[in-house]
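Printed here is coords_37.cif (mmCIF, C-alpha atoms):
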data_protein
loop_
_atom_site.label_atom_id
_atom_site.label_comp_id
_atom_site.auth_asym_id
_atom_site.auth_seq_id
_atom_site.Cartn_x
_atom_site.Cartn_y
_atom_site.Cartn_z
CA MET A 771 106.80 161.50 -34.90
CA ALA A 772 110.25 162.94 -34.32
CA MET A 773 112.80 160.59 -32.85
CA ARG A 774 113.62 161.09 -29.18
CA ALA A 775 117.27 161.55 -28.26
CA TYR A 776 118.73 158.59 -26.37
CA TRP A 777 121.39 160.78 -24.70
CA LYS A 778 122.30 164.47 -24.60
CA GLY A 779 125.64 165.85 -23.52
CA HIS A 780 128.94 167.17 -24.85
CA LEU A 781 131.74 165.93 -27.09
CA ARG A 782 135.15 167.28 -26.18
CA LEU A 783 138.35 167.34 -28.19
CA SER A 784 140.99 169.11 -26.13
CA LEU A 785 139.57 172.63 -25.69
CA VAL A 786 136.77 172.15 -28.23
CA ASN A 787 133.58 171.29 -26.33
CA ILE A 788 130.30 171.01 -28.28
CA GLY A 789 126.76 169.96 -27.45
CA ILE A 790 125.60 166.72 -29.08
CA GLU A 791 122.63 164.36 -29.13
CA LEU A 792 122.62 160.57 -29.64
CA TYR A 793 119.92 158.63 -31.47
CA THR A 794 119.58 154.86 -31.64
CA ALA A 795 120.75 153.64 -35.06
CA THR A 796 118.96 150.29 -34.97
CA SER A 797 115.32 149.27 -34.81
CA SER A 798 113.52 146.09 -33.78
CA SER A 799 110.22 147.06 -35.45
CA GLY A 800 110.81 144.53 -38.23
CA ARG A 801 110.85 141.63 -35.81
CA ILE A 802 107.78 139.62 -34.89
CA SER A 803 107.09 139.52 -31.15
CA LEU A 804 105.40 136.37 -29.91
CA ARG A 805 103.43 136.37 -26.64
CA GLN A 806 103.04 133.48 -24.20
CA ILE A 807 99.37 132.46 -24.05
CA HIS A 808 97.53 130.16 -21.64
CA LYS A 809 96.11 127.75 -24.23
CA PRO A 810 92.90 126.61 -22.41
CA SER A 811 91.70 130.17 -21.62
CA GLY A 812 93.38 132.19 -24.36
CA GLN A 813 94.71 134.67 -21.80
CA ARG A 814 98.17 136.16 -21.95
CA ILE A 815 100.77 135.04 -19.42
CA HIS A 816 102.08 137.77 -17.09
CA TYR A 817 104.97 137.75 -14.64
CA GLN A 818 104.98 139.11 -11.12
CA LYS A 819 107.92 140.21 -9.00
CA ILE A 820 107.89 137.85 -6.01
CA ALA A 821 110.07 137.67 -2.90
CA ASP A 822 110.57 134.28 -1.22
CA GLY A 823 108.36 134.01 1.85
CA VAL A 824 106.68 137.34 1.06
CA GLY A 825 104.88 136.86 -2.24
CA PRO A 826 104.15 139.64 -4.78
CA VAL A 827 105.94 142.90 -3.91
CA ASP A 828 105.45 146.55 -4.82
CA THR A 829 107.87 148.07 -7.33
CA ASP A 830 108.60 150.94 -4.91
CA ASP A 831 109.98 148.40 -2.39
CA ILE A 832 112.59 147.03 -4.81
CA VAL A 833 116.21 148.18 -4.62
CA LYS A 834 119.41 146.87 -6.18
CA GLY A 835 121.88 144.77 -4.26
CA PHE A 836 125.29 143.14 -4.60
CA GLU A 837 125.45 139.50 -3.47
CA LEU A 838 128.30 138.90 -0.98
CA ALA A 839 127.28 135.32 -0.18
CA LYS A 840 124.13 133.21 -0.35
CA ASP A 841 121.22 135.30 0.99
CA GLU A 842 123.61 138.12 1.96
CA TYR A 843 123.50 141.39 0.01
CA VAL A 844 124.80 144.94 0.14
CA LEU A 845 121.74 147.09 -0.61
CA LEU A 846 122.13 150.13 -2.86
CA GLU A 847 119.48 152.84 -2.83
CA PRO A 848 118.84 154.89 -6.01
CA GLU A 849 120.35 157.97 -4.33
CA ASP A 850 123.49 155.95 -3.53
CA LEU A 851 124.01 155.23 -7.22
CA ASP A 852 123.25 158.85 -8.14
CA GLU A 853 126.11 159.98 -5.91
CA ILE A 854 128.67 158.18 -8.07
CA LYS A 855 130.02 161.15 -9.96
CA LEU A 856 131.39 160.39 -13.41
CA GLU A 857 132.60 163.18 -15.66
CA SER A 858 131.73 160.95 -18.61
CA ARG A 859 128.08 161.06 -17.52
CA ARG A 860 127.54 164.21 -19.60
CA THR A 861 130.79 164.56 -21.56
CA ILE A 862 132.50 162.25 -24.04
CA ASP A 863 136.18 163.17 -23.96
CA LEU A 864 138.07 161.99 -27.05
CA VAL A 865 141.29 160.79 -25.42
CA GLN A 866 142.81 158.62 -28.16
CA PHE A 867 142.66 158.08 -31.92
CA VAL A 868 143.24 154.79 -33.77
CA ASN A 869 142.83 153.33 -37.23
CA ALA A 870 139.44 151.67 -37.57
CA CYS A 871 141.03 148.33 -38.50
CA GLU A 872 142.85 148.26 -35.15
CA ILE A 873 139.63 147.61 -33.21
CA ASP A 874 138.79 143.91 -32.93
CA PRO A 875 135.21 143.36 -34.26
CA ARG A 876 134.37 141.43 -31.07
CA TYR A 877 134.44 144.66 -29.10
CA PHE A 878 131.71 146.45 -31.08
CA GLU A 879 128.34 146.42 -29.32
CA LYS A 880 125.70 148.92 -30.49
CA PRO A 881 125.64 151.90 -32.92
CA TYR A 882 124.18 155.37 -32.37
CA TYR A 883 123.87 158.40 -34.63
CA VAL A 884 125.45 161.60 -33.33
CA VAL A 885 124.19 165.07 -34.29
CA PRO A 886 125.13 168.53 -33.01
CA ALA A 887 122.93 170.42 -30.56
CA GLU A 888 120.70 173.04 -32.18
CA ASP A 889 123.05 176.02 -32.07
CA GLU A 890 125.54 177.52 -34.50
CA VAL A 891 128.61 177.04 -32.30
CA ALA A 892 127.90 173.33 -31.83
CA ALA A 893 127.29 172.84 -35.55
CA GLU A 894 130.60 174.48 -36.47
CA GLY A 895 132.64 172.51 -33.92
CA PHE A 896 130.84 169.32 -34.93
CA THR A 897 131.75 169.87 -38.59
CA VAL A 898 135.41 170.48 -37.71
CA ILE A 899 135.66 167.24 -35.69
CA ARG A 900 133.80 165.24 -38.33
CA GLU A 901 135.99 166.42 -41.22
CA ALA A 902 139.21 166.06 -39.22
CA LEU A 903 138.31 162.43 -38.49
CA ARG A 904 137.38 161.86 -42.14
CA GLN A 905 140.59 163.33 -43.54
CA SER A 906 142.84 161.59 -41.03
CA LYS A 907 140.89 158.30 -41.48
CA MET A 908 140.97 157.83 -37.72
CA VAL A 909 138.44 156.77 -35.08
CA GLY A 910 138.13 158.69 -31.80
CA LEU A 911 137.92 156.78 -28.51
CA GLY A 912 136.34 158.02 -25.28
CA GLN A 913 133.97 156.99 -22.49
CA MET A 914 130.30 157.65 -21.86
CA ALA A 915 128.05 156.97 -18.86
CA VAL A 916 124.33 156.34 -19.39
CA ARG A 917 121.56 154.50 -17.55
CA GLY A 918 123.60 153.09 -14.72
CA ARG A 919 126.73 151.98 -16.54
CA ASP A 920 129.62 153.37 -18.53
CA TYR A 921 130.95 152.47 -21.95
CA VAL A 922 134.05 152.81 -24.05
CA VAL A 923 132.92 154.42 -27.31
CA ALA A 924 134.35 154.73 -30.81
CA ILE A 925 133.33 157.72 -32.95
CA ARG A 926 133.76 158.00 -36.72
CA PRO A 927 132.27 160.04 -39.62
CA CYS A 928 128.96 158.84 -41.05
CA GLY A 929 127.57 160.91 -43.90
CA LYS A 930 126.71 164.38 -42.57
CA GLY A 931 126.91 163.15 -38.99
CA LEU A 932 128.96 160.93 -36.74
CA LEU A 933 128.51 157.32 -35.76
CA LEU A 934 129.14 156.35 -32.15
CA GLU A 935 129.59 152.67 -31.36
CA THR A 936 129.68 151.39 -27.80
CA LEU A 937 132.51 148.94 -27.18
CA ARG A 938 132.73 146.05 -24.74
CA PHE A 939 135.39 146.16 -22.04
CA ALA A 940 138.28 143.69 -22.28
CA GLU A 941 136.96 141.56 -19.39
CA GLU A 942 133.70 141.03 -21.29
CA ILE A 943 135.43 139.23 -24.16
CA ARG A 944 136.00 135.49 -23.77
CA SER A 945 139.29 134.09 -24.95
CA SER A 946 138.99 132.07 -28.16
CA ASP A 947 141.75 129.66 -27.12
CA SER A 948 139.47 127.29 -25.20
CA VAL A 949 137.08 127.19 -28.17
CA PHE A 950 139.59 126.92 -31.02
CA ASP A 951 142.20 124.66 -29.39
CA ASP A 952 140.48 121.45 -30.53
CA ILE A 953 140.39 122.47 -34.20
CA PRO A 954 142.85 120.14 -35.96
CA ASP A 955 145.90 121.67 -37.66
CA LEU A 956 145.55 120.67 -41.30
CA GLU A 957 147.38 121.81 -44.43
CA PRO A 958 144.80 122.15 -47.24
CA GLU A 959 145.63 120.86 -50.70
CA GLN A 960 146.52 123.71 -53.05
CA GLU A 961 144.01 122.59 -55.68
CA MET A 962 141.17 122.66 -53.17
CA LEU A 963 142.36 126.04 -51.93
CA ASP A 964 142.43 127.42 -55.48
CA LEU A 965 138.88 126.20 -56.11
CA ALA A 966 137.64 127.79 -52.89
CA GLU A 967 139.33 131.09 -53.78
CA GLU A 968 137.74 131.00 -57.24
CA LEU A 969 134.29 130.51 -55.72
CA ILE A 970 134.91 133.43 -53.38
CA GLU A 971 136.00 135.67 -56.27
CA ARG A 972 132.90 134.74 -58.29
CA LYS A 973 130.61 135.73 -55.41
CA ALA A 974 132.55 138.86 -54.46
CA ALA A 975 130.37 142.01 -54.56
CA PRO A 976 129.90 145.27 -52.66
CA PHE A 977 128.00 144.83 -49.38
CA GLU A 978 124.33 145.83 -49.59
CA ALA A 979 122.38 145.19 -46.39
CA GLU A 980 119.06 145.49 -48.28
CA ALA A 981 119.93 142.35 -50.25
CA PHE A 982 119.51 140.23 -47.13
CA GLU A 983 116.16 139.49 -45.52
CA SER A 984 115.24 137.37 -42.53
CA GLN A 985 113.98 134.12 -44.02
CA TYR A 986 112.72 133.02 -40.60
CA THR A 987 110.64 136.18 -40.16
CA GLU A 988 109.10 135.80 -43.62
CA ALA A 989 108.28 132.12 -42.98
CA LEU A 990 106.84 132.98 -39.57
CA ARG A 991 104.60 135.68 -41.08
CA ASP A 992 103.34 133.19 -43.66
CA LEU A 993 102.69 130.57 -41.00
CA ILE A 994 100.75 133.00 -38.78
CA GLU A 995 98.70 134.29 -41.71
CA GLU A 996 97.92 130.72 -42.80
CA LYS A 997 96.70 129.83 -39.31
CA ARG A 998 94.68 133.06 -39.07
CA GLU A 999 92.91 132.32 -42.35
CA ALA A 1000 92.20 128.78 -41.15
CA GLY A 1001 90.51 130.20 -38.03
CA ALA A 1002 93.18 129.04 -35.57
CA VAL A 1003 92.88 132.20 -33.44
CA SER A 1004 92.75 131.92 -29.66
CA ARG A 1005 90.26 134.23 -27.94
CA ASP A 1006 89.79 135.03 -24.26
CA GLU A 1007 86.22 133.95 -23.50
CA SER A 1008 86.31 135.11 -19.86
CA ASP A 1009 84.33 138.10 -18.55
CA GLY A 1010 87.53 140.16 -18.50
CA ALA A 1011 88.05 140.08 -14.73
CA GLY A 1012 91.70 139.93 -13.81
CA SER A 1013 92.81 140.21 -17.42
CA SER A 1014 94.69 143.01 -19.11
CA GLY A 1015 93.29 142.83 -22.60
CA GLY A 1016 94.57 139.41 -23.69
CA ARG A 1017 92.15 139.14 -26.57
CA GLY A 1018 92.87 142.64 -27.78
CA ASN A 1019 96.59 141.95 -27.86
CA ILE A 1020 96.10 138.82 -29.95
CA VAL A 1021 93.78 140.56 -32.43
CA ASP A 1022 96.05 143.63 -32.60
CA LEU A 1023 99.02 141.42 -33.42
CA MET A 1024 97.07 139.71 -36.18
CA GLU A 1025 96.01 143.05 -37.66
CA ALA A 1026 99.57 144.35 -37.49
CA LEU A 1027 100.85 141.22 -39.20
CA LYS A 1028 98.17 141.44 -41.87
CA LYS A 1029 99.11 145.05 -42.61
CA SER A 1030 102.79 144.07 -42.69
CA VAL A 1031 102.00 141.38 -45.27
CA GLU A 1032 99.97 143.83 -47.38
CA LYS A 1033 102.74 146.42 -47.10
CA GLY A 1034 105.11 144.07 -48.90
CA GLY A 1035 104.79 146.23 -52.04
CA SER A 1036 104.90 145.02 -55.60
CA LYS A 1037 107.10 142.06 -54.75
CA LYS A 1038 104.86 139.06 -55.21
CA ARG A 1039 104.78 136.78 -52.18
CA LYS A 1040 104.51 133.05 -52.27
CA THR A 1041 102.23 131.21 -49.88
CA SER A 1042 103.87 129.48 -46.97
CA LYS A 1043 103.05 126.10 -48.45
CA SER A 1044 104.73 126.88 -51.77
CA LYS A 1045 107.72 128.36 -49.96
CA ARG A 1046 108.18 125.29 -47.85
CA LYS A 1047 107.72 123.08 -50.90
CA SER A 1048 110.30 125.00 -52.95
CA LYS A 1049 112.66 125.00 -49.98
CA SER A 1050 112.45 121.22 -49.63
CA LYS A 1051 113.19 120.83 -53.36
CA SER A 1052 116.23 123.08 -53.10
CA ASP A 1053 117.42 121.14 -50.05
CA GLU A 1054 117.15 117.89 -51.99
CA ALA A 1055 119.09 119.40 -54.90
CA ALA A 1056 121.84 120.55 -52.56
#

Now that the file is in, can you turn its structure into structure tokens?
Amino acid sequence: MAMRAYWKGHLRLSLVNIGIELYTATSSSGRISLRQIHKPSGQRIHYQKIADGVGPVDTDDIVKGFELAKDEYVLLEPEDLDEIKLESRRTIDLVQFVNACEIDPRYFEKPYYVVPAEDEVAAEGFTVIREALRQSKMVGLGQMAVRGRDYVVAIRPCGKGLLLETLRFAEEIRSSDSVFDDIPDLEPEQEMLDLAEELIERKAAPFEAEAFESQYTEALRDLIEEKREAGAVSRDESDGAGSSGGRGNIVDLMEALKKSVEKGGSKKRKTSKSKRKSKSKSDEAA
């Protein structure tokens, strides 16, 4: 299935204005999602939207509001929010260029892939902007509005395309002073410093994201598979009234996990018991 664009609009550099599309650069499919289950019945826990003194409410009756004081709100209808006109809603205007190293890593939030719209003019303008950024070794800054909020964005070359990263605003970053102030000011011994530098040099290597795997996810998969094989599977034994497929969700998760385990490829997996045993040995050795 083709990926669906997260955002469509225009990228503007002075008088150059080209159509672009954004695609999410990250995926959560590798994570294991755990559900909350009512243990005695085996049914999945659901949450309702409830108003004090009213009870469950209809989604159509919910609006957003800004709290002025306790139990006092300014209500904002969807059409009110739609009337806030932002040029950045459909256009990212590159207003400044900086060296990549100038941006504090704390400001980076989420990455997106940028591709040109499907027309020859957009492709040509896109290529010009991409190569100009690559040759100048600069990052373009602009603003983008999407899904009810706006972002500062940084755009840089990424292979044949561009990479857009949303940035946090200055007021979203906490000062480190209150956290770091209590760290004692010590002068390390030169010998200890030399040894630490030598260890760093020995372990220095190019960054390869594939070399790192989530140890917790692997251990959790092993634990779930071990419990499944032992028969520790909760099943909804009710007649189905008032439920929304609790049992099916549990079984589907188990099947998905089983397929994920089998999809591990030629890399031989250890059982969870042997993993935990080897881990405890390594902890003792450390």

Restrict the calculation to all atoms listed in the file, then for each residue of region 833-915 of chain A with any atom at most 10 Å from an atom of region 923-931 of chain A give the closest atom pair and their distance in Å to one decimal, rows by chain and rising residue number, as JSON lines.
{"residue": "A:Ile862", "atom": "CA", "partner": "A:Val923", "partner_atom": "CA", "distance": 8.5}
{"residue": "A:Asp863", "atom": "CA", "partner": "A:Val923", "partner_atom": "CA", "distance": 9.9}
{"residue": "A:Leu864", "atom": "CA", "partner": "A:Ile925", "partner_atom": "CA", "distance": 8.7}
{"residue": "A:Gln866", "atom": "CA", "partner": "A:Ala924", "partner_atom": "CA", "distance": 9.7}
{"residue": "A:Phe867", "atom": "CA", "partner": "A:Ala924", "partner_atom": "CA", "distance": 9.0}
{"residue": "A:Val868", "atom": "CA", "partner": "A:Ala924", "partner_atom": "CA", "distance": 9.4}
{"residue": "A:Ala870", "atom": "CA", "partner": "A:Arg926", "partner_atom": "CA", "distance": 8.5}
{"residue": "A:Ile873", "atom": "CA", "partner": "A:Ala924", "partner_atom": "CA", "distance": 9.2}
{"residue": "A:Phe878", "atom": "CA", "partner": "A:Ala924", "partner_atom": "CA", "distance": 8.7}
{"residue": "A:Glu879", "atom": "CA", "partner": "A:Val923", "partner_atom": "CA", "distance": 9.4}
{"residue": "A:Lys880", "atom": "CA", "partner": "A:Val923", "partner_atom": "CA", "distance": 9.6}
{"residue": "A:Pro881", "atom": "CA", "partner": "A:Ala924", "partner_atom": "CA", "distance": 9.4}
{"residue": "A:Tyr882", "atom": "CA", "partner": "A:Ile925", "partner_atom": "CA", "distance": 9.5}
{"residue": "A:Tyr883", "atom": "CA", "partner": "A:Gly931", "partner_atom": "CA", "distance": 7.1}
{"residue": "A:Val884", "atom": "CA", "partner": "A:Gly931", "partner_atom": "CA", "distance": 6.0}
{"residue": "A:Val885", "atom": "CA", "partner": "A:Gly931", "partner_atom": "CA", "distance": 5.8}
{"residue": "A:Pro886", "atom": "CA", "partner": "A:Gly931", "partner_atom": "CA", "distance": 8.2}
{"residue": "A:Phe896", "atom": "CA", "partner": "A:Gly931", "partner_atom": "CA", "distance": 8.4}
{"residue": "A:Thr897", "atom": "CA", "partner": "A:Gly931", "partner_atom": "CA", "distance": 8.3}
{"residue": "A:Ile899", "atom": "CA", "partner": "A:Pro927", "partner_atom": "CA", "distance": 8.9}
{"residue": "A:Arg900", "atom": "CA", "partner": "A:Pro927", "partner_atom": "CA", "distance": 5.6}
{"residue": "A:Glu901", "atom": "CA", "partner": "A:Pro927", "partner_atom": "CA", "distance": 7.6}
{"residue": "A:Ala902", "atom": "CA", "partner": "A:Pro927", "partner_atom": "CA", "distance": 9.2}
{"residue": "A:Leu903", "atom": "CA", "partner": "A:Arg926", "partner_atom": "CA", "distance": 6.6}
{"residue": "A:Arg904", "atom": "CA", "partner": "A:Pro927", "partner_atom": "CA", "distance": 6.0}
{"residue": "A:Gln905", "atom": "CA", "partner": "A:Pro927", "partner_atom": "CA", "distance": 9.8}
{"residue": "A:Lys907", "atom": "CA", "partner": "A:Arg926", "partner_atom": "CA", "distance": 8.6}
{"residue": "A:Met908", "atom": "CA", "partner": "A:Arg926", "partner_atom": "CA", "distance": 7.3}
{"residue": "A:Val909", "atom": "CA", "partner": "A:Arg926", "partner_atom": "CA", "distance": 5.1}
{"residue": "A:Gly910", "atom": "CA", "partner": "A:Ile925", "partner_atom": "CA", "distance": 5.0}
{"residue": "A:Leu911", "atom": "CA", "partner": "A:Ala924", "partner_atom": "CA", "distance": 4.7}
{"residue": "A:Gly912", "atom": "CA", "partner": "A:Val923", "partner_atom": "CA", "distance": 5.4}
{"residue": "A:Gln913", "atom": "CA", "partner": "A:Val923", "partner_atom": "CA", "distance": 5.6}
{"residue": "A:Met914", "atom": "CA", "partner": "A:Val923", "partner_atom": "CA", "distance": 6.9}

- Calculate how many Å separate CA of Glu888 (chain A) from CA of Arg917 (chain A), rounding to one decimal.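 CA of Arg917 (chain A) lies at a distance of 23.6 Å from CA of Glu888 (chain A).
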
- For Phe939 (chain A), which residue out of A:Phe977, A:Tyr843, A:Phe982, A:Tyr877 is the nearest one, using all atoms listed in the file? A:Tyr877

- Message: Under the rule that only C-alpha atoms are counted, which of A:Thr987, A:Gln818, A:Thr936, A:Asn869 is the nearest residue to Thr794 (chain A)?
- Response: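 The closest residue to Thr794 (chain A) is A:Thr936.
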
- Atom-to-atom span, CA of Leu934 (chain A) and CA of Tyr793 (chain A), Å: 9.5 Å

- Atomic separation - CA of Leu937 (chain A) relative to CA of Tyr921 (chain A), Å: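 Those two atoms sit 6.5 Å apart.
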
Listed atoms of region 986-994 of chain A boxed axis-aligned with 8 Å per side, centre + edges as JSON:
{"center_x": 106.7, "center_y": 133.4, "center_z": -41.2, "size_x": 28.0, "size_y": 21.6, "size_z": 20.9}

- the PyMOL selection byres ((chain A and resi 832) around 12) resolved against shown file, as a PyMOL selection string: chain A and resi 819-821+826-831+833-835+845-848

- Distance criterion (all atoms listed in the file): nearest to Asp889 (chain A) out of A:Gly789, A:Glu961, A:Glu967, A:Glu996: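 Selected residue with least distance to Asp889 (chain A): A:Gly789.
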
- Message: Please expand the PyMOL selection byres ((chain A and resi 779) around 9) into the concrete residues it hits in this file, giving the result as number ranges by chain.
- Response: A: 777-778, 780-781, 788-792, 859-862, 887
